[in-house]
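Participant: Take a look at this one; I'll ask things after.
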Amino acid sequence: MHLDLPVTPVGIQILILIVSFCVVFVCTPSLIKVSLMKNLTDEPGDLRKVHSKHIPTLGGVIIFAGTLFSLTLLMPTVEATSTSLYGGTFADLNYLIASLLIVFFIGIKDDIVGTAPIYKLLGHILVGMILVLMADIRITGFHGLFGIYQIPYWASAFLSVFTYVVVVNAFNFIDGLDGLATGIGLISSTSFGIWFALSGNPVLAAIGFALSGSLLGFLVYNFSPAKIFMGDSGSLFVGLILCTLGIRLIEFDPTKIPPYMVDISRPLFVMSLFAYPLMDMLRIVIIRTMKGTSPFSADRNHIHHALIDIKLGHARSSLSLYTYTLVVIGLVFLVRGLNPTASFIIVGGFAIIALQIPILLKHRLRKNRAGIMKNMERHAI
């Protein structure tokens with residue numbers, strides 16, 4: 001049985017977004033209060049941390065609740081609309097929810113008592129295998145990128161599991177600045193929702209809008225100065241939904257895409273949404289590997305730390321990275337119709353070069369400070 005609402009598919013998508021937003025917006029203050037009472041907070045003092053007081057870290061609980069409440073309440077109506085208008089539903093939603101439960105509880109455990117990185121990694125691999133081998137949500141080819149189209153099943157399965165692990169951890173890596181992971185997730189989930197709505201898949205659009213509503217409500221309390229962090233339970237949950245939607249978009253039937261969207265490279269569009277998390281994670285892993293430390297060890301080498309070090313502050317640093325993401329997405333539309341490989345080189349080149357600016361400014365500021373200190377010492381002598 002489904003709720004027979006006299007609304008259009010667009011109206012249902014808006015309603016889903018509003019419901020998830022209201023749940024998170026209304027309930028988050030109570031979660032903050034309980035977290036402070038029970039001392040479920042992140043303590044300041046670590047050099048890599050950018051906050052100066054105890055901040056609750058269980059924001060993922062309310063993001064999880066708002067998103068799934070909205071979906072389970074209204075998905076029957078969405079599926080009925082999808083079946084009657086477009087002839088299909090998202091039959092693998094059960095697999096997705098099961099996988100989300102796994103990463104959510106992995107994150108909750110890590111937020112409260114901590115979890116060894118190896119166990120977290122094994123959990124992410126398990127989730128990837130569920131979605132790839134059971135739900136068959138996987139990347140089947142490169143769709144013309146580097147001249148490659150279809151790839152063998154074994155390569156597809158390996159690449160897809162690897163993609164799940166990387167994207168989920170990438171969003172976890174950037175959750176180190178007020179509003180950063182929430183804002184990037186909001187941009188990505190809203191983009192997915194709009195893309196699937198325009199392509200005639202209300203079910204996938206509903207998942208995107210349910211998440212974007214939750215993140216919008218959470219951003220009210222997470223933007224600088226943050227009153228609550230999403231923690232691992234939130235970042236892993238958000239990363240998994242976005243990665244699943246990304247793979248679904250890459251593999252979307254091109255015959256069902258509107259003519260004005262056909263010449264947009266789907267793999268490149270998805271990568272543009274994840275540009276900052278992926279670029280920052282790649283850079284961090286390389287730096288830590290070169291130093292001989294674990295890729296999962298904490299430090300202050302993230303690009304958002306560089307923005308803080310050049311005195312932009314939390315709010316302007318997050319807004320700068322939101323802008324960066326939107327510009328990279330916009331560039332994908334500017335190169336539409338070009339050869340997929342050429343488009344990738346142009347967009348990827350810009351994405352890499354643009355993120356070097358904060359690093360260069362940080363080194364220049366440090367060099368200037370060193371010069372000032374040297375001059376002060378010379379005059380003192």
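Just so we're on the same page: first chain in the structure tokens is A, next is B, and so on; residues restart at 1 for each chain, and ligands are numbered from 1 in the order they show up.
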Would you give me, as a PyMOL selection string, the residues in stretch 47-240 of chain A that DSSP reads as alpha helix (DSSP H)?
Facilitator: chain A and resi 59-86+93-112+117-129+153-173+180-198+202-222+231-240
Participant: Sort by chain and increasing residue number a table of all residues of stretch 286-336 of chain A within 12 Å of stretch 189-213 of chain A, each with its closest pair of atoms and their distance in Å to one decimal, counting only C-alpha atoms, and write it as JSON lines.
Facilitator:
{"residue": "A:Thr325", "atom": "CA", "partner": "A:Ser191", "partner_atom": "CA", "distance": 11.4}
{"residue": "A:Leu326", "atom": "CA", "partner": "A:Ser191", "partner_atom": "CA", "distance": 10.2}
{"residue": "A:Ile329", "atom": "CA", "partner": "A:Ser191", "partner_atom": "CA", "distance": 9.5}
{"residue": "A:Gly330", "atom": "CA", "partner": "A:Ser191", "partner_atom": "CA", "distance": 11.6}
Participant: Go ahead and write the selection's residues with all heavy atoms as an mmCIF file, in the first residue's frame.
Facilitator:
data_model
loop_
_atom_site.group_PDB
_atom_site.id
_atom_site.type_symbol
_atom_site.label_atom_id
_atom_site.label_comp_id
_atom_site.auth_asym_id
_atom_site.auth_seq_id
_atom_site.Cartn_x
_atom_site.Cartn_y
_atom_site.Cartn_z
ATOM 1 N N THR A 325 34.329 23.308 -6.014
ATOM 2 C CA THR A 325 33.537 22.180 -6.507
ATOM 3 C C THR A 325 32.561 22.634 -7.584
ATOM 4 O O THR A 325 32.426 21.979 -8.641
ATOM 5 C CB THR A 325 32.768 21.522 -5.341
ATOM 6 O OG1 THR A 325 33.702 21.072 -4.356
ATOM 7 C CG2 THR A 325 31.939 20.344 -5.832
ATOM 8 N N LEU A 326 31.883 23.748 -7.358
ATOM 9 C CA LEU A 326 30.913 24.247 -8.339
ATOM 10 C C LEU A 326 31.591 24.655 -9.649
ATOM 11 O O LEU A 326 31.047 24.436 -10.738
ATOM 12 C CB LEU A 326 30.146 25.434 -7.751
ATOM 13 C CG LEU A 326 29.200 25.096 -6.588
ATOM 14 C CD1 LEU A 326 28.666 26.382 -5.954
ATOM 15 C CD2 LEU A 326 28.046 24.222 -7.062
ATOM 16 N N ILE A 329 32.434 21.487 -11.562
ATOM 17 C CA ILE A 329 31.204 20.967 -12.178
ATOM 18 C C ILE A 329 30.842 21.793 -13.412
ATOM 19 O O ILE A 329 30.496 21.242 -14.468
ATOM 20 C CB ILE A 329 30.045 20.985 -11.164
ATOM 21 C CG1 ILE A 329 30.322 20.022 -10.010
ATOM 22 C CG2 ILE A 329 28.726 20.606 -11.841
ATOM 23 C CD1 ILE A 329 29.342 20.146 -8.858
ATOM 24 N N GLY A 330 30.918 23.112 -13.273
ATOM 25 C CA GLY A 330 30.611 23.974 -14.405
ATOM 26 C C GLY A 330 31.533 23.739 -15.588
ATOM 27 O O GLY A 330 31.100 23.801 -16.753
#
Participant: Apply DSSP to the structure's backbone, then extract all residues of stretch 24-197 of chain A labelled strand (DSSP E) and return them as a PyMOL selection string.
Facilitator: chain A and resi 41-42+55-56
Participant: Could the residues in this selection be written to a file with C-alpha atoms, as a PDB file, in the first residue's frame?
Facilitator:
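Once written, part.pdb looks like this:
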ATOM      1  CA  THR A  41      32.275  14.989  22.176  1.00  0.00           C
ATOM      2  CA  ASP A  42      35.527  15.583  20.346  1.00  0.00           C
ATOM      3  CA  ILE A  55      32.002  19.511  20.072  1.00  0.00           C
ATOM      4  CA  PRO A  56      29.477  16.625  19.827  1.00  0.00           C
TER       5      PRO A  56
END
Participant: Find, counting only C-alpha atoms, the residue in A:Ile228, A:Ala181, A:Met281, A:Leu236 that gets nearest to A:Tyr322.
Facilitator: A:Ala181
Participant: Using atom CA of A:Asp280 and atom CA of A:Leu126 as the two end points, give the distance in Å to one decimal.
Facilitator: 24.5 Å
Participant: For stretch 259-268 of chain A, please output as a PyMOL selection string all residues within 10 Å (counting only C-alpha atoms; exclusion window: fewer than 6 positions along the same chain).
Facilitator: chain A and resi 139+141-145+195+198-199+246-247+249-252+274-275+329+332-341+343-344+347-348
Participant: Would you save the residues of that selection, restricted to C-alpha atoms, as a PDB file, in the first residue's frame?
Facilitator:
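File produced: result_19.pdb:
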ATOM      1  CA  ILE A 139      31.082   0.123 -13.086  1.00  0.00           C
ATOM      2  CA  GLY A 141      33.269   0.233 -18.398  1.00  0.00           C
ATOM      3  CA  PHE A 142      34.960   3.606 -18.930  1.00  0.00           C
ATOM      4  CA  HIS A 143      32.408   4.808 -21.499  1.00  0.00           C
ATOM      5  CA  GLY A 144      35.023   6.055 -23.966  1.00  0.00           C
ATOM      6  CA  LEU A 145      37.439   7.503 -21.434  1.00  0.00           C
ATOM      7  CA  TRP A 195      20.209  14.842 -12.754  1.00  0.00           C
ATOM      8  CA  LEU A 198      15.642  15.331 -15.334  1.00  0.00           C
ATOM      9  CA  SER A 199      16.512  11.853 -16.640  1.00  0.00           C
ATOM     10  CA  GLY A 246      27.550   8.026  -8.766  1.00  0.00           C
ATOM     11  CA  ILE A 247      27.899   4.490 -10.108  1.00  0.00           C
ATOM     12  CA  LEU A 249      24.650   7.666 -12.925  1.00  0.00           C
ATOM     13  CA  ILE A 250      27.712   6.403 -14.786  1.00  0.00           C
ATOM     14  CA  GLU A 251      25.817   3.251 -15.783  1.00  0.00           C
ATOM     15  CA  PHE A 252      22.531   5.035 -16.555  1.00  0.00           C
ATOM     16  CA  PHE A 274      33.912  14.246  -5.876  1.00  0.00           C
ATOM     17  CA  ALA A 275      36.820  16.409  -7.091  1.00  0.00           C
ATOM     18  CA  ILE A 329      31.204  20.967 -12.178  1.00  0.00           C
ATOM     19  CA  VAL A 332      32.350  19.740 -17.193  1.00  0.00           C
ATOM     20  CA  PHE A 333      29.412  21.443 -18.901  1.00  0.00           C
ATOM     21  CA  LEU A 334      31.742  23.800 -20.804  1.00  0.00           C
ATOM     22  CA  VAL A 335      33.701  20.884 -22.332  1.00  0.00           C
ATOM     23  CA  ARG A 336      30.590  18.862 -23.159  1.00  0.00           C
ATOM     24  CA  GLY A 337      30.729  17.279 -26.581  1.00  0.00           C
ATOM     25  CA  LEU A 338      34.529  16.999 -26.620  1.00  0.00           C
ATOM     26  CA  ASN A 339      36.373  13.695 -26.712  1.00  0.00           C
ATOM     27  CA  PRO A 340      35.986  12.078 -23.240  1.00  0.00           C
ATOM     28  CA  THR A 341      39.750  11.816 -22.762  1.00  0.00           C
ATOM     29  CA  SER A 343      37.576  16.557 -21.436  1.00  0.00           C
ATOM     30  CA  PHE A 344      39.123  14.554 -18.612  1.00  0.00           C
ATOM     31  CA  VAL A 347      38.892  19.266 -16.162  1.00  0.00           C
ATOM     32  CA  GLY A 348      41.379  17.110 -14.250  1.00  0.00           C
TER      33      GLY A 348
END
Participant: Enter the distance from atom CA of A:Leu58 to atom CA of A:Val167, in Å, rounded to one decimal.
Facilitator: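 Going from atom CA of A:Leu58 over to atom CA of A:Val167 covers 20.9 Å.
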Participant: Give me the residues within 9 Å of A:Ile287 as a PyMOL selection string, counting only C-alpha atoms and dropping any in the same chain fewer than 6 places off.
Facilitator: chain A and resi 293+295+301
Participant: My list of candidates is A:Ile125, A:Cys22, A:Val327, A:Leu319. Which is closest to A:Phe350 when distances are computed with only C-alpha atoms?
Facilitator: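 Ranking A:Ile125, A:Cys22, A:Val327, A:Leu319 by distance to A:Phe350, first place goes to A:Val327.
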Participant: Nearest residue to A:Leu36 out of A:Ser99, A:Ile62, A:Lys227, A:Ser70, using only C-alpha atoms?
Facilitator: A:Lys227
Participant: May I ask which of the residues A:Met129, A:Ala354, A:Leu74, A:Leu101 is the closest one to A:Val238, counting only C-alpha atoms?
Facilitator: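 Checking each candidate against A:Val238, we get A:Leu101 as the closest.
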Participant: Measure the distance from atom CA of A:Asn169 to atom CA of A:Phe146 in Å and round it to one decimal.
Facilitator: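 These atoms are spaced 25.8 Å apart.
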Participant: I want to know what sits within 10 Å of A:Phe25, based on only C-alpha atoms, with residues of the same chain fewer than 5 positions away left out; could you give that as number ranges by chain?
Facilitator: A: 19-20, 62-63, 66, 213-221
Participant: Restricted to all heavy atoms, what would the selected residues look like written as a short mmCIF file (atom, residue, chain, number, x, y, z; two decimals), in the first residue's frame?
Facilitator:
data_model
loop_
_atom_site.label_atom_id
_atom_site.label_comp_id
_atom_site.auth_asym_id
_atom_site.auth_seq_id
_atom_site.Cartn_x
_atom_site.Cartn_y
_atom_site.Cartn_z
N VAL A 19 10.79 16.84 4.20
CA VAL A 19 10.64 15.96 5.35
C VAL A 19 11.99 15.68 6.00
O VAL A 19 12.15 15.78 7.22
CB VAL A 19 9.95 14.64 4.95
CG1 VAL A 19 10.04 13.61 6.08
CG2 VAL A 19 8.49 14.90 4.59
N SER A 20 12.99 15.31 5.20
CA SER A 20 14.31 15.00 5.76
C SER A 20 14.93 16.24 6.39
O SER A 20 15.57 16.17 7.45
CB SER A 20 15.24 14.41 4.70
OG SER A 20 15.41 15.31 3.61
N ILE A 62 21.66 11.70 13.30
CA ILE A 62 20.48 12.43 12.84
C ILE A 62 20.43 12.49 11.32
O ILE A 62 19.35 12.52 10.72
CB ILE A 62 20.43 13.85 13.47
CG1 ILE A 62 19.00 14.38 13.47
CG2 ILE A 62 21.39 14.80 12.80
CD1 ILE A 62 18.05 13.57 14.32
N ILE A 63 21.59 12.52 10.65
CA ILE A 63 21.60 12.48 9.18
C ILE A 63 21.06 11.14 8.71
O ILE A 63 20.24 11.06 7.78
CB ILE A 63 23.03 12.71 8.64
CG1 ILE A 63 23.52 14.11 8.99
CG2 ILE A 63 23.08 12.50 7.13
CD1 ILE A 63 24.97 14.37 8.66
N GLY A 66 17.17 11.10 9.53
CA GLY A 66 16.39 11.96 8.65
C GLY A 66 16.28 11.41 7.24
O GLY A 66 15.20 11.43 6.64
N GLY A 213 18.28 16.99 1.73
CA GLY A 213 17.46 17.63 2.76
C GLY A 213 18.07 17.47 4.14
O GLY A 213 18.12 18.42 4.94
N SER A 214 18.56 16.25 4.44
CA SER A 214 19.19 16.01 5.74
C SER A 214 20.45 16.85 5.90
O SER A 214 20.69 17.43 6.97
CB SER A 214 19.54 14.52 5.87
OG SER A 214 18.38 13.73 5.92
N LEU A 215 21.26 16.92 4.85
CA LEU A 215 22.50 17.68 4.94
C LEU A 215 22.24 19.18 5.05
O LEU A 215 22.98 19.90 5.74
CB LEU A 215 23.38 17.37 3.72
CG LEU A 215 23.95 15.95 3.67
CD1 LEU A 215 24.70 15.72 2.36
CD2 LEU A 215 24.86 15.69 4.85
N LEU A 216 21.20 19.65 4.38
CA LEU A 216 20.86 21.07 4.47
C LEU A 216 20.44 21.42 5.90
O LEU A 216 20.86 22.45 6.46
CB LEU A 216 19.73 21.41 3.49
CG LEU A 216 19.29 22.87 3.45
CD1 LEU A 216 20.45 23.78 3.04
CD2 LEU A 216 18.12 23.04 2.48
N GLY A 217 19.62 20.55 6.50
CA GLY A 217 19.22 20.78 7.88
C GLY A 217 20.39 20.71 8.84
O GLY A 217 20.49 21.48 9.80
N PHE A 218 21.33 19.78 8.57
CA PHE A 218 22.49 19.62 9.44
C PHE A 218 23.48 20.77 9.28
O PHE A 218 24.14 21.17 10.25
CB PHE A 218 23.18 18.29 9.13
CG PHE A 218 24.28 17.94 10.07
CD1 PHE A 218 24.01 17.56 11.38
CD2 PHE A 218 25.62 17.99 9.67
CE1 PHE A 218 25.04 17.24 12.26
CE2 PHE A 218 26.64 17.68 10.54
CZ PHE A 218 26.35 17.30 11.84
N LEU A 219 23.56 21.32 8.07
CA LEU A 219 24.52 22.41 7.81
C LEU A 219 24.22 23.63 8.67
O LEU A 219 25.13 24.40 9.00
CB LEU A 219 24.49 22.78 6.33
CG LEU A 219 25.56 23.76 5.84
CD1 LEU A 219 26.96 23.19 6.05
CD2 LEU A 219 25.35 24.10 4.37
N VAL A 220 22.96 23.82 9.05
CA VAL A 220 22.59 24.94 9.92
C VAL A 220 23.39 24.90 11.22
O VAL A 220 23.80 25.94 11.75
CB VAL A 220 21.08 24.90 10.22
CG1 VAL A 220 20.70 26.00 11.22
CG2 VAL A 220 20.27 25.03 8.94
N TYR A 221 23.66 23.70 11.72
CA TYR A 221 24.37 23.53 12.99
C TYR A 221 25.84 23.17 12.81
O TYR A 221 26.61 23.25 13.76
CB TYR A 221 23.69 22.45 13.82
CG TYR A 221 22.21 22.69 14.04
CD1 TYR A 221 21.26 22.08 13.23
CD2 TYR A 221 21.78 23.56 15.03
CE1 TYR A 221 19.91 22.31 13.42
CE2 TYR A 221 20.43 23.80 15.22
CZ TYR A 221 19.49 23.18 14.41
OH TYR A 221 18.15 23.42 14.59
#
Participant: Near A:Gly128, counting only C-alpha atoms, which residues have an atom at most 7 Å away, once you skip same-chain residues fewer than 5 positions from it, shown as a list in words?
Facilitator: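 My reading of the contact set: Val161, Tyr164 and Val165 of chain A.
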Participant: So that I have them on file, write out the residues from the current selection with N, CA, C and O atoms, as an mmCIF file, in the first residue's frame.
Facilitator:
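Ended up saving to out07.cif:
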data_model
loop_
_atom_site.group_PDB
_atom_site.id
_atom_site.type_symbol
_atom_site.label_atom_id
_atom_site.label_comp_id
_atom_site.auth_asym_id
_atom_site.auth_seq_id
_atom_site.Cartn_x
_atom_site.Cartn_y
_atom_site.Cartn_z
ATOM 1 N N VAL A 161 34.478 -2.314 -6.257
ATOM 2 C CA VAL A 161 34.730 -2.429 -4.822
ATOM 3 C C VAL A 161 35.780 -1.394 -4.405
ATOM 4 O O VAL A 161 35.632 -0.729 -3.371
ATOM 5 N N TYR A 164 34.149 2.036 -4.178
ATOM 6 C CA TYR A 164 33.381 2.206 -2.943
ATOM 7 C C TYR A 164 34.307 2.544 -1.771
ATOM 8 O O TYR A 164 34.053 3.477 -1.007
ATOM 9 N N VAL A 165 35.385 1.784 -1.633
ATOM 10 C CA VAL A 165 36.310 1.993 -0.513
ATOM 11 C C VAL A 165 36.936 3.386 -0.587
ATOM 12 O O VAL A 165 37.013 4.101 0.419
#
Participant: Set the distance at 9 Å and use only C-alpha atoms: which residues neighbour A:Tyr95 once local chain neighbours fewer than 2 positions away are removed? I'd like the list as a PyMOL selection string.
Facilitator: chain A and resi 91-93+97-100+130-131+134-135
